[in-house]
Amino acid sequence: MTKVLFVCYGNICRSPMGEFILKDLVKKNNLEDKFKIESAGTSAEELGNPVYYLAKEKLKEHNIFCNGKFARQLNKNDYEKYDYILAMEESNVREINRIFNKDTEGKVYRLLDFTQNPRDIDDPWYTRDFDRTYNEILEGCRVFLKYISEK
């Protein structure tokens, strides 16, 4: 079983979008028994809050539902629980490595590091561009799933 943890700052926009987009792709490919997929944030700022309503609406447009998801904070024990820790941007990677102390097993990546155009995914909380965020996360999830299936 491949265990994947998506991480952003607050765990209310990008990382839950990643979690539920990948869950949707996995389900459509009949791979649900081969994956455990969750998300967390590096900050405690949104702890316990639901997915941000604009992120939730964007997922719903694509028949992806994230009801029951509440923000949680990344903790040191998560390093041992997951095979891949997929950050949304470089500042998340730095914070993840601070929390874990170091990435000794090479588990931490930016989601879009798996694509032909590695880059950060901007925070739609600030950009308000949930379309772009959705499309970039979908791109990353598709390429990541292909990467895993070819391993």
# chains A, B, ... in the order shown; residues from 1 in each chain; ligands from 1
$ select_by_dssp --residues "region 57-133 of chain A" --states "strand (DSSP E or B)" --output "PyMOL selection string"
chain A and resi 70+73+84-87+108-110
$ residues_around --residues "Val93 (chain A)" --least-positions-apart "6" --cutoff "8 Å" --atoms "only C-alpha atoms" --output "list in words"
Ala87, Val108, Tyr109 and Arg110 of chain A
$ closest_residue --among "A:Cys141, A:Ile12, A:Leu86, A:Leu74" --to "Ser43 (chain A)" --atoms "only C-alpha atoms"
A:Leu74
$ select_by_dssp --residues "chain A" --states "helix (DSSP H, G or I)" --output "VMD selection string"
chain A and resid 14 to 28 32 to 34 53 to 61 78 to 81 90 to 100 111 to 114 124 to 127 130 to 150
$ residues_around --residues "Gly41 (chain A)" --least-positions-apart "6" --cutoff "9 Å" --atoms "only C-alpha atoms" --output "list in words"
Phe6, Val7, Cys8, Tyr9, Gly10, Asn11, Ile12, Ser15, Leu47, Ala71, Arg72, Gln73, Leu74 and Asn92 of chain A
$ write_last_selection --atoms "all heavy atoms" --output "compact mmCIF listing (two decimals), in the first residue's frame"
# COMPACT_ATOMS: atom_id res chain seq x y z
N PHE A 6 -0.62 14.85 1.57
CA PHE A 6 -0.51 16.17 0.94
C PHE A 6 -0.37 17.20 2.05
O PHE A 6 -1.06 17.11 3.08
CB PHE A 6 -1.77 16.48 0.12
CG PHE A 6 -1.86 15.70 -1.15
CD1 PHE A 6 -2.51 14.49 -1.17
CD2 PHE A 6 -1.29 16.19 -2.32
CE1 PHE A 6 -2.59 13.76 -2.35
CE2 PHE A 6 -1.37 15.47 -3.50
CZ PHE A 6 -2.02 14.24 -3.52
N VAL A 7 0.49 18.20 1.81
CA VAL A 7 0.72 19.22 2.84
C VAL A 7 0.75 20.61 2.21
O VAL A 7 1.39 20.84 1.19
CB VAL A 7 2.06 18.96 3.58
CG1 VAL A 7 2.30 20.04 4.64
CG2 VAL A 7 2.08 17.57 4.20
N CYS A 8 0.02 21.53 2.85
CA CYS A 8 0.11 22.96 2.52
C CYS A 8 0.20 23.71 3.86
O CYS A 8 0.48 23.09 4.89
CB CYS A 8 -1.06 23.43 1.66
SG CYS A 8 -2.68 23.41 2.45
N TYR A 9 -0.05 24.99 3.84
CA TYR A 9 0.08 25.77 5.07
C TYR A 9 -1.03 25.47 6.06
O TYR A 9 -0.77 25.07 7.20
CB TYR A 9 0.12 27.27 4.73
CG TYR A 9 0.21 28.14 5.96
CD1 TYR A 9 1.42 28.26 6.65
CD2 TYR A 9 -0.90 28.82 6.44
CE1 TYR A 9 1.51 29.03 7.80
CE2 TYR A 9 -0.82 29.61 7.58
CZ TYR A 9 0.38 29.71 8.25
OH TYR A 9 0.46 30.47 9.39
N GLY A 10 -2.28 25.65 5.66
CA GLY A 10 -3.37 25.56 6.63
C GLY A 10 -4.23 24.32 6.56
O GLY A 10 -5.05 24.08 7.44
N ASN A 11 -4.10 23.53 5.48
CA ASN A 11 -4.90 22.32 5.27
C ASN A 11 -6.38 22.63 5.09
O ASN A 11 -7.23 21.88 5.52
CB ASN A 11 -4.66 21.31 6.41
CG ASN A 11 -5.21 19.92 6.13
OD1 ASN A 11 -5.73 19.25 7.03
ND2 ASN A 11 -5.13 19.45 4.90
N ILE A 12 -6.65 23.75 4.40
CA ILE A 12 -8.06 24.05 4.09
C ILE A 12 -8.29 24.29 2.60
O ILE A 12 -9.43 24.37 2.16
CB ILE A 12 -8.61 25.25 4.91
CG1 ILE A 12 -7.83 26.51 4.63
CG2 ILE A 12 -8.67 24.90 6.39
CD1 ILE A 12 -8.49 27.78 5.15
N SER A 15 -3.97 21.36 0.07
CA SER A 15 -3.72 19.96 0.44
C SER A 15 -4.98 19.12 0.48
O SER A 15 -4.96 17.97 0.00
CB SER A 15 -2.90 19.84 1.74
OG SER A 15 -3.53 20.47 2.82
N LEU A 47 -6.55 24.76 12.38
CA LEU A 47 -6.83 23.49 13.06
C LEU A 47 -8.31 23.30 13.35
O LEU A 47 -8.95 24.15 13.96
CB LEU A 47 -6.03 23.46 14.36
CG LEU A 47 -5.72 22.11 14.97
CD1 LEU A 47 -4.93 21.23 14.02
CD2 LEU A 47 -4.92 22.31 16.25
N ALA A 71 -9.22 20.45 9.07
CA ALA A 71 -7.78 20.71 9.07
C ALA A 71 -7.10 20.09 10.28
O ALA A 71 -7.62 20.13 11.40
CB ALA A 71 -7.54 22.22 9.06
N ARG A 72 -5.95 19.50 10.00
CA ARG A 72 -5.10 18.98 11.06
C ARG A 72 -3.67 19.43 10.79
O ARG A 72 -3.32 19.78 9.67
CB ARG A 72 -5.18 17.46 11.17
CG ARG A 72 -4.40 16.68 10.13
CD ARG A 72 -4.28 15.21 10.57
NE ARG A 72 -3.48 14.40 9.71
CZ ARG A 72 -2.17 14.20 9.84
NH1 ARG A 72 -1.48 14.82 10.79
NH2 ARG A 72 -1.52 13.40 9.02
N GLN A 73 -2.88 19.43 11.84
CA GLN A 73 -1.50 19.88 11.71
C GLN A 73 -0.57 18.69 11.54
O GLN A 73 -0.73 17.64 12.17
CB GLN A 73 -1.09 20.69 12.94
CG GLN A 73 0.27 21.35 12.77
CD GLN A 73 0.62 22.27 13.92
OE1 GLN A 73 0.01 22.22 14.99
NE2 GLN A 73 1.60 23.12 13.71
N LEU A 74 0.39 18.87 10.66
CA LEU A 74 1.46 17.89 10.46
C LEU A 74 2.21 17.71 11.77
O LEU A 74 2.43 18.68 12.50
CB LEU A 74 2.42 18.43 9.39
CG LEU A 74 3.58 17.54 8.97
CD1 LEU A 74 3.07 16.38 8.13
CD2 LEU A 74 4.59 18.36 8.17
N ASN A 92 6.48 25.28 1.99
CA ASN A 92 5.93 24.12 2.72
C ASN A 92 7.02 23.08 2.95
O ASN A 92 7.11 22.49 4.03
CB ASN A 92 4.79 23.45 1.96
CG ASN A 92 3.62 24.34 1.65
OD1 ASN A 92 3.01 24.18 0.59
ND2 ASN A 92 3.27 25.27 2.51
$ closest_residue --among "A:Ile148, A:Val51, A:Gly18, A:Arg119" --to "Tyr134 (chain A)" --atoms "only C-alpha atoms"
A:Gly18
$ closest_residue --among "A:Asp103, A:Leu59, A:Trp125, A:Tyr84" --to "Asp24 (chain A)" --atoms "only C-alpha atoms"
A:Leu59
$ atom_distance --atom1 "CA of Leu54 (chain A)" --atom2 "CA of Leu31 (chain A)"
28.2 Å
$ closest_residue --among "A:Gly106, A:Thr42, A:Glu80, A:Glu89" --to "Ile121 (chain A)" --atoms "only C-alpha atoms"
A:Glu89
$ closest_residue --among "A:Asp131, A:Glu139, A:Ala55, A:Glu105" --to "Asn117 (chain A)" --atoms "only C-alpha atoms"
A:Glu139
$ closest_residue --among "A:Asn29, A:Met88, A:Lys69, A:Ile99" --to "Gly48 (chain A)" --atoms "only C-alpha atoms"
A:Lys69
$ atom_distance --atom1 "CA of Asn75 (chain A)" --atom2 "CA of Arg14 (chain A)"
18.2 Å
